[in-house]
Structure formats: structure tokens, C-alpha cells
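Reproduced below: structure.cif, with mmCIF, C-alpha atoms.
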data_protein
#
loop_
_atom_site.label_atom_id
_atom_site.label_comp_id
_atom_site.auth_asym_id
_atom_site.auth_seq_id
_atom_site.Cartn_x
_atom_site.Cartn_y
_atom_site.Cartn_z
CA MET A 1 41.86 -24.67 -6.87
CA ARG A 2 45.55 -25.12 -6.06
CA THR A 3 47.72 -22.07 -6.66
CA LEU A 4 51.27 -21.80 -7.95
CA HIS A 5 52.40 -20.66 -4.48
CA GLN A 6 50.93 -23.71 -2.77
CA ALA A 7 52.49 -26.07 -5.31
CA MET A 8 55.93 -24.42 -5.08
CA GLU A 9 56.05 -24.89 -1.30
CA SER A 10 56.87 -28.55 -1.89
CA ARG A 11 60.46 -29.40 -2.75
CA GLN A 12 59.25 -32.20 -5.00
CA ASN A 13 58.66 -31.00 -8.55
CA ASN A 14 59.34 -31.77 -12.19
CA PHE A 15 61.15 -28.57 -13.18
CA HIS A 16 64.26 -30.52 -14.25
CA LEU A 17 62.07 -32.78 -16.38
CA CYS A 18 60.29 -29.86 -18.07
CA ARG A 19 63.58 -28.21 -18.96
CA MET A 20 64.93 -31.47 -20.32
CA ILE A 21 61.81 -31.90 -22.48
CA GLY A 22 62.51 -28.42 -23.87
CA ALA A 23 66.13 -29.41 -24.54
CA LEU A 24 65.00 -32.58 -26.36
CA PHE A 25 62.73 -30.50 -28.61
CA ILE A 26 65.71 -28.31 -29.49
CA ILE A 27 67.91 -31.35 -30.17
CA PHE A 28 65.18 -32.73 -32.44
CA VAL A 29 64.96 -29.49 -34.44
CA HIS A 30 68.73 -29.20 -34.72
CA SER A 31 69.13 -32.83 -35.78
CA ILE A 32 67.26 -31.95 -38.97
CA GLU A 33 69.54 -28.98 -39.62
CA ILE A 34 72.74 -30.91 -38.85
CA SER A 35 71.65 -33.76 -41.15
CA GLY A 36 71.55 -31.24 -44.00
CA LEU A 37 67.90 -31.95 -44.82
CA LYS A 38 66.47 -28.55 -43.91
CA PRO A 39 66.87 -27.15 -47.50
CA TYR A 40 64.96 -30.17 -48.82
CA TYR A 41 62.05 -29.56 -46.46
CA GLN A 42 62.11 -25.83 -47.18
CA GLN A 43 61.53 -26.63 -50.83
CA TYR A 44 59.10 -29.53 -50.60
CA ASP A 45 57.42 -29.16 -47.20
CA PRO A 46 57.56 -25.55 -45.96
CA ALA A 47 54.75 -26.24 -43.46
CA PHE A 48 57.01 -28.78 -41.73
CA VAL A 49 59.82 -26.22 -41.54
CA ALA A 50 57.41 -23.64 -40.09
CA ALA A 51 56.35 -26.17 -37.45
CA LEU A 52 60.02 -26.87 -36.62
CA ILE A 53 60.76 -23.16 -36.21
CA LEU A 54 57.74 -22.73 -33.93
CA MET A 55 58.76 -25.79 -31.90
CA GLY A 56 62.30 -24.47 -31.45
CA LYS A 57 61.13 -20.97 -30.52
CA ASN A 58 58.65 -22.27 -27.94
CA ALA A 59 61.29 -24.53 -26.40
CA LEU A 60 63.67 -21.56 -26.04
CA ARG A 61 60.89 -19.37 -24.65
CA LEU A 62 60.16 -22.07 -22.10
CA PHE A 63 63.79 -21.94 -20.95
CA PHE A 64 63.56 -18.18 -20.49
CA LEU A 65 60.22 -18.42 -18.71
CA PHE A 66 61.50 -20.98 -16.19
CA SER A 67 64.64 -18.90 -15.82
CA GLY A 68 62.51 -15.86 -14.97
CA ILE A 69 60.69 -17.79 -12.25
CA MET A 70 63.82 -19.29 -10.71
CA VAL A 71 66.01 -16.20 -10.98
CA ALA A 72 63.29 -13.97 -9.51
CA MET A 73 62.98 -16.43 -6.62
CA SER A 74 66.77 -16.47 -6.16
CA LEU A 75 67.00 -12.68 -6.05
CA ASP A 76 63.95 -12.40 -3.79
CA LYS A 77 65.26 -14.91 -1.25
CA ARG A 78 68.90 -13.79 -1.29
CA ALA A 79 68.16 -10.04 -1.27
CA SER A 80 71.83 -9.49 -2.12
CA LEU A 81 73.30 -8.52 -5.46
CA SER A 82 76.66 -10.13 -4.73
CA ALA A 83 74.96 -13.44 -3.85
CA TYR A 84 72.70 -13.11 -6.89
CA ALA A 85 75.66 -12.41 -9.18
CA ALA A 86 77.58 -15.33 -7.70
CA ALA A 87 74.66 -17.71 -8.18
CA ARG A 88 74.20 -16.66 -11.80
CA ALA A 89 77.93 -16.76 -12.58
CA MET A 90 78.47 -20.17 -10.99
CA ARG A 91 75.52 -21.56 -12.92
CA ILE A 92 76.37 -20.12 -16.35
CA PHE A 93 80.15 -20.05 -16.71
CA PRO A 94 81.72 -23.28 -15.31
CA PRO A 95 80.00 -25.62 -17.84
CA LEU A 96 80.79 -23.13 -20.60
CA LEU A 97 84.45 -23.16 -19.58
CA LEU A 98 84.49 -26.97 -19.64
CA PHE A 99 82.87 -26.98 -23.09
CA SER A 100 85.28 -24.37 -24.46
CA ALA A 101 88.38 -26.15 -23.16
CA ILE A 102 87.34 -29.54 -24.56
CA MET A 103 86.45 -27.97 -27.91
CA VAL A 104 89.81 -26.20 -28.22
CA PHE A 105 92.13 -28.91 -26.97
CA VAL A 106 90.32 -32.20 -27.75
CA ILE A 107 87.57 -31.98 -30.36
CA GLY A 108 89.12 -29.16 -32.37
CA PRO A 109 92.42 -30.93 -33.17
CA LEU A 110 90.55 -34.14 -34.03
CA MET A 111 87.91 -32.55 -36.28
CA THR A 112 89.81 -29.74 -38.02
CA ASN A 113 90.85 -29.94 -41.67
CA LEU A 114 94.06 -28.11 -40.83
CA PRO A 115 97.32 -29.69 -39.67
CA VAL A 116 97.43 -29.76 -35.89
CA LEU A 117 100.31 -27.29 -35.75
CA GLY A 118 98.49 -25.01 -38.17
CA TYR A 119 95.33 -25.27 -36.06
CA PHE A 120 97.15 -24.22 -32.89
CA SER A 121 99.04 -21.46 -34.69
CA ARG A 122 95.80 -19.62 -35.50
CA LEU A 123 94.70 -16.77 -33.24
CA ASP A 124 91.06 -17.90 -33.67
CA THR A 125 91.90 -21.12 -31.85
CA TRP A 126 93.19 -19.39 -28.74
CA LEU A 127 90.44 -16.76 -28.72
CA PHE A 128 87.73 -19.42 -28.83
CA LEU A 129 88.10 -20.37 -25.17
CA PRO A 130 87.63 -16.92 -23.57
CA LYS A 131 85.00 -15.86 -26.11
CA ALA A 132 82.84 -18.99 -25.87
CA ALA A 133 83.28 -19.25 -22.08
CA SER A 134 82.03 -15.68 -21.65
CA GLY A 135 78.62 -16.55 -23.10
CA LEU A 136 78.70 -13.31 -25.09
CA PHE A 137 79.99 -14.62 -28.42
CA VAL A 138 79.46 -17.46 -30.88
CA PRO A 139 83.04 -18.01 -32.08
CA ASP A 140 84.38 -20.45 -34.65
CA LEU A 141 87.34 -22.82 -34.68
CA PRO A 142 89.53 -22.90 -37.81
CA GLY A 143 88.77 -25.85 -40.07
CA VAL A 144 86.37 -27.56 -37.61
CA PHE A 145 83.22 -29.15 -39.11
CA GLU A 146 83.87 -27.46 -42.47
CA THR A 147 83.00 -30.66 -44.36
CA ALA A 148 79.89 -31.46 -42.31
CA PRO A 149 76.51 -31.49 -44.11
CA TYR A 150 75.64 -28.22 -42.32
CA PRO A 151 78.98 -26.41 -41.89
CA ILE A 152 77.62 -23.43 -39.95
CA LEU A 153 79.80 -22.44 -36.97
CA VAL A 154 81.04 -24.74 -34.23
CA ASN A 155 78.08 -24.21 -31.92
CA PRO A 156 75.42 -21.70 -33.00
CA SER A 157 73.26 -22.74 -30.00
CA LEU A 158 75.39 -20.42 -27.85
CA TRP A 159 73.68 -17.38 -29.38
CA THR A 160 70.88 -17.33 -26.78
CA LEU A 161 73.24 -17.04 -23.80
CA LEU A 162 73.87 -13.35 -24.45
CA TYR A 163 70.14 -12.66 -24.08
CA GLU A 164 69.97 -14.79 -20.92
CA ILE A 165 72.79 -12.75 -19.38
CA LEU A 166 71.10 -9.49 -20.44
CA CYS A 167 67.90 -10.62 -18.71
CA TYR A 168 69.87 -11.29 -15.52
CA ILE A 169 71.44 -7.85 -15.63
CA VAL A 170 68.16 -6.04 -16.29
CA LEU A 171 66.48 -7.87 -13.40
CA ALA A 172 69.34 -6.95 -11.06
CA LEU A 173 69.11 -3.29 -12.08
CA LEU A 174 65.35 -3.26 -11.55
CA TRP A 175 65.81 -4.77 -8.08
CA ALA A 176 68.57 -2.32 -7.11
CA ALA A 177 66.41 0.61 -8.23
CA GLY A 178 63.48 -0.65 -6.18
CA TRP A 179 61.27 -1.41 -9.18
CA LEU A 180 60.55 -4.97 -8.03
CA HIS A 181 59.07 -3.77 -4.76
CA PRO A 182 55.43 -4.92 -4.46
CA ARG A 183 54.19 -1.32 -4.73
CA ARG A 184 56.14 -0.64 -7.92
CA LEU A 185 56.07 -4.05 -9.57
CA PRO A 186 52.71 -3.51 -11.35
CA LEU A 187 54.10 -0.34 -12.94
CA THR A 188 57.29 -2.17 -13.93
CA LEU A 189 55.40 -5.02 -15.56
CA THR A 190 53.06 -2.59 -17.30
CA ALA A 191 56.05 -0.71 -18.72
CA VAL A 192 57.65 -3.94 -19.94
CA ALA A 193 54.40 -5.11 -21.53
CA GLY A 194 53.89 -1.70 -23.12
CA LEU A 195 57.40 -1.71 -24.58
CA TYR A 196 56.87 -5.23 -25.96
CA LEU A 197 53.53 -4.33 -27.53
CA ALA A 198 54.90 -1.06 -28.95
CA VAL A 199 57.88 -2.78 -30.57
CA THR A 200 55.78 -5.70 -31.83
CA PHE A 201 52.76 -3.83 -33.17
CA GLY A 202 53.95 -0.27 -33.58
CA THR A 203 57.23 -0.70 -35.44
CA ASN A 204 59.07 -2.93 -37.89
CA ALA A 205 61.96 -3.30 -35.43
CA ARG A 206 61.30 -7.00 -34.98
CA LEU A 207 62.60 -7.57 -38.47
CA ILE A 208 66.01 -6.96 -36.84
CA VAL A 209 67.17 -10.28 -35.38
CA PRO A 210 68.61 -8.98 -32.06
CA VAL A 211 65.48 -6.87 -31.41
CA ASP A 212 63.22 -9.80 -32.23
CA ALA A 213 65.20 -12.12 -29.96
CA MET A 214 65.27 -9.69 -27.06
CA ALA A 215 61.55 -9.02 -27.38
CA GLY A 216 60.55 -12.70 -27.48
CA PHE A 217 63.01 -13.89 -24.86
CA GLY A 218 62.58 -10.79 -22.71
CA ILE A 219 58.80 -11.04 -22.49
CA SER A 220 59.09 -14.77 -21.70
CA PHE A 221 61.57 -14.02 -18.90
CA MET A 222 59.41 -11.22 -17.46
CA ILE A 223 56.30 -13.40 -17.59
CA GLY A 224 58.27 -15.84 -15.44
CA VAL A 225 59.18 -13.01 -13.04
CA ALA A 226 55.52 -11.98 -12.85
CA LEU A 227 54.38 -15.56 -12.27
CA TYR A 228 56.76 -15.85 -9.32
CA HIS A 229 55.77 -12.57 -7.67
CA TYR A 230 52.03 -13.14 -8.17
CA ARG A 231 52.18 -16.88 -7.51
CA ARG A 232 49.59 -16.64 -4.71
CA TRP A 233 46.93 -15.75 -7.27
CA ILE A 234 47.99 -18.00 -10.18
CA PRO A 235 45.86 -21.18 -10.43
CA LEU A 236 47.29 -24.43 -11.76
CA SER A 237 44.64 -25.89 -14.03
CA LEU A 238 44.51 -27.78 -17.29
CA TRP A 239 41.39 -25.76 -18.10
CA LEU A 240 43.56 -22.62 -18.09
CA VAL A 241 46.06 -24.36 -20.39
CA ALA A 242 43.19 -25.30 -22.74
CA ALA A 243 41.85 -21.73 -22.68
CA PHE A 244 45.19 -20.22 -23.65
CA GLY A 245 45.69 -22.98 -26.22
CA GLY A 246 42.33 -22.22 -27.81
CA LEU A 247 43.17 -18.53 -27.87
CA THR A 248 46.48 -19.34 -29.59
CA VAL A 249 44.61 -21.24 -32.28
CA LEU A 250 42.21 -18.33 -32.78
CA VAL A 251 45.01 -15.79 -33.28
CA ARG A 252 47.37 -18.06 -35.24
CA GLY A 253 49.11 -16.30 -38.08
CA THR A 254 49.02 -12.95 -36.26
CA ALA A 255 51.60 -11.21 -34.08
CA TRP A 256 49.42 -12.02 -31.05
CA ALA A 257 50.18 -15.74 -31.45
CA GLU A 258 53.63 -15.33 -29.88
CA LEU A 259 52.26 -13.98 -26.60
CA THR A 260 49.40 -16.47 -26.36
CA SER A 261 51.70 -19.41 -27.17
CA ILE A 262 54.11 -18.28 -24.44
CA LEU A 263 51.24 -18.21 -21.93
CA THR A 264 50.02 -21.61 -23.11
CA CYS A 265 53.48 -23.13 -22.74
CA ALA A 266 53.88 -21.43 -19.37
CA MET A 267 50.70 -22.78 -17.83
CA GLY A 268 51.15 -26.22 -19.39
CA ALA A 269 54.76 -26.51 -18.22
CA LEU A 270 53.93 -25.28 -14.72
CA TRP A 271 51.13 -27.83 -14.45
CA LEU A 272 53.50 -30.61 -15.52
CA ALA A 273 56.23 -29.32 -13.20
CA LEU A 274 54.10 -29.04 -10.08
CA VAL A 275 50.98 -31.20 -10.27
CA PRO A 276 51.87 -34.79 -11.33
CA LYS A 277 53.38 -36.87 -8.51
CA GLY A 278 54.57 -40.43 -8.06
CA TRP A 279 57.10 -42.13 -10.34
CA ILE A 280 57.48 -39.07 -12.56
CA LEU A 281 59.28 -37.28 -9.72
CA GLY A 282 62.13 -39.78 -10.03
CA TYR A 283 63.78 -37.79 -12.81
CA GLY A 284 64.44 -34.94 -10.38
CA ARG A 285 67.07 -37.07 -8.65
CA VAL A 286 69.15 -37.27 -11.84
CA GLY A 287 70.09 -33.58 -11.77
CA GLU A 288 69.63 -30.52 -13.95
CA LEU A 289 71.06 -31.75 -17.24
CA SER A 290 69.22 -29.51 -19.70
CA TYR A 291 71.75 -26.66 -19.69
CA ALA A 292 74.73 -28.89 -20.47
CA ALA A 293 72.63 -30.81 -23.01
CA TYR A 294 71.84 -27.51 -24.70
CA ILE A 295 75.53 -26.54 -24.77
CA TRP A 296 76.84 -29.89 -26.04
CA HIS A 297 74.23 -31.30 -28.43
CA TRP A 298 75.21 -29.32 -31.55
CA PRO A 299 78.96 -30.14 -31.68
CA LEU A 300 78.27 -33.76 -30.73
CA GLY A 301 75.71 -33.93 -33.53
CA GLN A 302 78.24 -32.45 -35.95
CA ILE A 303 80.78 -35.09 -34.95
CA LEU A 304 78.24 -37.85 -35.64
CA ALA A 305 77.27 -36.34 -39.01
CA SER A 306 80.94 -35.95 -39.97
CA LEU A 307 81.93 -39.49 -39.00
CA TRP A 308 78.86 -41.12 -40.59
CA PRO A 309 77.96 -39.14 -43.74
CA GLY A 310 74.47 -39.75 -45.00
CA LEU A 311 72.79 -40.08 -41.60
CA LEU A 312 69.16 -39.00 -41.84
CA TRP A 313 67.59 -37.11 -38.98
CA PRO A 314 65.49 -40.11 -37.75
CA GLN A 315 68.84 -41.84 -37.18
CA LEU A 316 70.77 -38.76 -36.05
CA PHE A 317 68.28 -37.55 -33.44
CA PRO A 318 68.36 -40.65 -31.17
CA LEU A 319 72.13 -40.88 -31.59
CA MET A 320 72.50 -37.25 -30.54
CA VAL A 321 70.39 -37.91 -27.45
CA LEU A 322 72.42 -41.01 -26.59
CA VAL A 323 75.76 -39.18 -26.72
CA THR A 324 74.56 -35.85 -25.30
CA LEU A 325 72.95 -37.12 -22.09
CA PRO A 326 76.09 -38.83 -20.72
CA MET A 327 78.12 -35.71 -21.50
CA ALA A 328 75.51 -33.57 -19.77
CA TYR A 329 75.57 -35.83 -16.72
CA LEU A 330 79.37 -35.69 -16.59
CA SER A 331 79.22 -31.88 -16.79
CA TRP A 332 76.62 -31.77 -13.99
CA MET A 333 78.51 -34.07 -11.62
CA ALA A 334 82.06 -32.89 -12.33
CA VAL A 335 81.59 -29.17 -12.82
CA GLU A 336 78.11 -27.73 -12.30
CA LEU A 337 77.16 -29.29 -8.96
CA PRO A 338 80.54 -28.53 -7.34
CA ALA A 339 80.31 -24.95 -8.64
CA LEU A 340 76.85 -24.46 -7.16
CA ARG A 341 78.19 -25.60 -3.79
CA ARG A 342 80.67 -22.71 -3.91
CA VAL A 343 78.17 -19.91 -4.52
CA SER A 344 78.62 -18.49 -1.01
CA ALA A 345 82.40 -18.33 -1.39
CA ALA A 346 82.02 -16.71 -4.81
CA ALA A 347 79.63 -14.13 -3.32
CA VAL A 348 82.29 -13.14 -0.78
CA VAL A 349 84.86 -12.70 -3.55
CA ILE A 350 82.46 -10.59 -5.63
CA ARG A 351 81.66 -8.47 -2.59
CA ARG A 352 85.33 -7.85 -1.87
CA VAL A 353 86.03 -6.95 -5.50
CA ALA A 354 83.11 -4.50 -5.40
CA GLU A 355 84.52 -2.96 -2.24
CA THR A 356 87.96 -2.66 -3.80
CA LEU A 357 86.48 -0.91 -6.82
CA ARG A 358 84.44 1.32 -4.44
CA LEU A 359 81.17 0.08 -5.89
CA VAL A 360 79.96 -0.57 -2.33
CA SER A 361 80.91 0.82 1.02
CA PRO A 362 83.33 -1.44 2.94
CA ARG A 363 81.93 -0.13 6.21
CA LEU A 364 78.57 -1.81 5.67
CA PRO A 365 77.93 -5.47 6.55
CA ALA A 366 78.30 -7.82 3.58
CA ALA A 367 74.62 -8.79 3.67
CA THR A 368 73.54 -5.26 2.75
CA ASP A 369 74.74 -5.48 -0.81
CA LEU A 370 75.14 -2.14 -2.61
CA ALA A 371 73.64 -0.45 0.46
CA ILE A 372 70.25 -0.64 -1.22
CA SER A 373 67.21 -2.69 -0.34
CA PRO A 374 64.50 -3.60 -2.83
CA GLY A 375 62.58 -0.62 -1.53
CA GLY A 376 65.40 1.78 -2.41
CA SER A 377 66.71 2.53 1.09
CA PRO A 378 69.29 0.94 3.38
CA PRO A 379 67.83 -2.23 4.89
#
Is it possible to express this structure as C-alpha cells?
Amino acid sequence: MRTLHQAMESRQNNFHLCRMIGALFIIFVHSIEISGLKPYYQQYDPAFVAALILMGKNALRLFFLFSGIMVAMSLDKRASLSAYAAARAMRIFPPLLLFSAIMVFVIGPLMTNLPVLGYFSRLDTWLFLPKAASGLFVPDLPGVFETAPYPILVNPSLWTLLYEILCYIVLALLWAAGWLHPRRLPLTLTAVAGLYLAVTFGTNARLIVPVDAMAGFGISFMIGVALYHYRRWIPLSLWLVAAFGGLTVLVRGTAWAELTSILTCAMGALWLALVPKGWILGYGRVGELSYAAYIWHWPLGQILASLWPGLLWPQLFPLMVLVTLPMAYLSWMAVELPALRRVSAAAVVIRRVAETLRLVSPRLPAATDLAISPGGSPP
């Protein structure tokens, strides 16, 4: 049976496609919210709303799981915290900066209920750009989308980026402390699993939204990390997908369903990403559009709902896809791809800043980042 390691040796895969499928699921769920029909379904069809929530959660978990695989691979291959930090920063922040600037200076003035001078005189307007571009906040713009059917923030989708960044930081700290070394990794993963199980089954802490989000996203991310490091022993099989799927059905309605559904999605997505060949591989040449699609779909959907009141979600969803994909492609070609080509230069800058702040020794070669190897000693 083919293993994950054997499949990942080929450069041809469907990872971009899997992430885009996840993004389309999220756009579908949000199209119902933006259309203003979610309260109707909550009253008359709560089972449909529950299915939507599950669909959205699994799509987000899939993003974190793939992120865990790819980020663990990036850190493992680079073996340098400055290069790792540069790669993460150049992937996350340039498209966010583009989004924030266009929202403040183009979409905001066109969609606000305030006079343009009043809009630009507000402190909230000028704080939006640095706050949204940081990935740490979900800011608002004064008067923007206030008359939309679902007037909730400018872009609530940004809320997951904070947890993504936290996952990156935790992984970097674990690597720097030597806890991703093959000898220590089993203990690290056991501790993470134990913490997840303790919080989920031993406390009521998951009633707190940030704790619940960090637990669900964090375990998805660490499962991805584990899949990468133990890829030589992970089989790619639809039978394994079916087994986890059956287990998910058996434990549905319990707290165990989250973990089993994550594993089901993981094995199913990895099979789709690495096994099918032929024409399906053609999407990989388009580029990685899912991140920009995730950033842009909500405000573009709000614009559509504001300009054409009364749009139902079966109409809004395809329209959102049609306007989001070109914007995502523009972001990829104009900002994201050029930024990724400058990761090495950014790593040098980060290294020099770290030396200036005395976070690393300037006497060591740049490749020995933080003077620590994954094993905890100078390489």
C-alpha cells in the first residue's frame, strides 16, 4: 500500500485543489449568512443550520490540517527560524495588506453610509489598515455594510488568522526547544493530545469561544504536523477514510465526533490530494487561490447583497464565487507569488534585525538560526 511519504515525493499533487474545495464550502456557508436567511433556517430547519455549522468547521479544520503538514515540512527542510519566519510572514501578510488597503481606500468610501469626508475623519478608518493587515484583529469600518441583510462586521472571516499565527509560533517554539526531534516528538504529541482530551472531556472550558477555537484548530494543526513527521508509516487508502467515517457516524452527537471527523477529513483530503492523477492535476497550475478567496469572499458577498437586495443564497453563492475567484487570482499573481519569491531576502532582514536586538549571536553563520538545532545544541 502506498504511503504518504511515497506520494509526497512527487511534485504533482492536488493540494491547491483540496484547499480551494474547502474555501468553496466556506463561501457556501457564508452565502447563507450574508443573504440574511440564517435566522429563518434556525427557526424552521435547525438540522440544516447544524449541518452548515459542521460543514464550515470541517472546512476550517482542513485548512489548519494542511497548514500543519506544509508548515512542518517548511520548518523541517529550512532548519532555520529566520527562514521559517520569513516564509510564514511573506505568505500571510502581503495579501492581507492588499485587502486592507483596498477596503480602506476603495470599497470603504463607496459602501459607507457616512459622507466621504466624515468617513476619512474617523480614527476607525485609519486604524483598520494596520489592524486588519496584522491578522490579529477583526476591525470594522465606520458605516460600511450597515444596511446589508447581515450587517455584522466588515470581514468576520479574519477571526481564524489569529489562531493560525499562534499555531506557527507554538511550532517554532517547540522546534527551538528541541521538542520536534524524532526522540522527543512522541512525547510532544502525547502531551498535546492529553491537553486536548483534558480540556474537551475534563472541563467546561470549551464553552469559551477562544478556548474552543484553539482546541479544535490546534489539534487539527498538530495532526497535520504528526502526519508529516510520520508520513513513512501513514497509508493512503479509501478503506481508511471509510473506517474513520464509520467511526464518526458511530460517535456522532458526542465530543469524540470532532476528533474522528478531523481524521476522516484528513485521510480523505490526503487521498484526493495525492492519489488521483491525470486531468485533475491541471488545477495545480492555476496557483494557490484559496487563501485570497478566504480573505475576499465575505466583503465581496456583502457588496453583492447590498447592491441587489433580496438575493437568495442559491443566487448569491454562485455570484460570490464568480467575483471572488478573479480577485483571488489577481492577489496571487500581483502580490502573493512575488512575495514568495522574496522569502530569502526577507529571511536575511529578519536575521539582521534579530542580531541587532541581540536575539542571536552575530558571530555565528546566518544558517545557524538562534544558535540552536532541533536537537537543542549548536548544529
Carefully work through the PyMOL selection byres ((chain A and resi 107) around 12) for this structure and note down the residues it includes, as a count of residues only. 28
The PyMOL selection byres ((chain A and resi 270) around 12) on the file shown: which residues, as a PyMOL selection string? chain A and resi 3-5+7-8+13-19+62+65-66+69+224+227-228+231+234-238+240-241+262-269+271-276
If the PyMOL selection byres ((chain A and resi 56) around 12) is run on the structure shown, which residues does it catch, given as a PyMOL selection string? chain A and resi 21-33+49-55+57-63+157
Store the residues of this selection in a file with C-alpha atoms, as a short mmCIF file (atom, residue, chain, number, x, y, z; two decimals), keeping the file's coordinate frame.
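So result-v6.cif came out as:
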data_model
loop_
_atom_site.label_atom_id
_atom_site.label_comp_id
_atom_site.auth_asym_id
_atom_site.auth_seq_id
_atom_site.Cartn_x
_atom_site.Cartn_y
_atom_site.Cartn_z
CA ILE A 21 61.81 -31.90 -22.48
CA GLY A 22 62.51 -28.42 -23.87
CA ALA A 23 66.13 -29.41 -24.54
CA LEU A 24 65.00 -32.58 -26.36
CA PHE A 25 62.73 -30.50 -28.61
CA ILE A 26 65.71 -28.31 -29.49
CA ILE A 27 67.91 -31.35 -30.17
CA PHE A 28 65.18 -32.73 -32.44
CA VAL A 29 64.96 -29.49 -34.44
CA HIS A 30 68.73 -29.20 -34.72
CA SER A 31 69.13 -32.83 -35.78
CA ILE A 32 67.26 -31.95 -38.97
CA GLU A 33 69.54 -28.98 -39.62
CA VAL A 49 59.82 -26.22 -41.54
CA ALA A 50 57.41 -23.64 -40.09
CA ALA A 51 56.35 -26.17 -37.45
CA LEU A 52 60.02 -26.87 -36.62
CA ILE A 53 60.76 -23.16 -36.21
CA LEU A 54 57.74 -22.73 -33.93
CA MET A 55 58.76 -25.79 -31.90
CA LYS A 57 61.13 -20.97 -30.52
CA ASN A 58 58.65 -22.27 -27.94
CA ALA A 59 61.29 -24.53 -26.40
CA LEU A 60 63.67 -21.56 -26.04
CA ARG A 61 60.89 -19.37 -24.65
CA LEU A 62 60.16 -22.07 -22.10
CA PHE A 63 63.79 -21.94 -20.95
CA SER A 157 73.26 -22.74 -30.00
#
Just to confirm, what's the straight-line distance from atom CA of Pro182 of chain A to atom CA of Arg78 of chain A in Å (one decimal)?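 So the two atoms, atom CA of Pro182 of chain A and atom CA of Arg78 of chain A, lie 16.4 Å apart.
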Selection: 10 Å around Trp256 of chain A, all atoms listed in the file, excl. self and same-chain fewer than 6 positions, as a PDB file with C-alpha atoms, in the frame of the given file:
ATOM      1  CA  LEU A 197      53.530  -4.330 -27.530  1.00  0.00           C
ATOM      2  CA  THR A 200      55.780  -5.700 -31.830  1.00  0.00           C
ATOM      3  CA  PHE A 201      52.760  -3.830 -33.170  1.00  0.00           C
ATOM      4  CA  LEU A 247      43.170 -18.530 -27.870  1.00  0.00           C
ATOM      5  CA  THR A 248      46.480 -19.340 -29.590  1.00  0.00           C
ATOM      6  CA  LEU A 250      42.210 -18.330 -32.780  1.00  0.00           C
TER       7      LEU A 250
END
Work out how far apart atom CA of Gly36 of chain A and atom CA of Ile152 of chain A are and give it in Å to one decimal.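 That distance, rounded to one decimal, is 10.7 Å.
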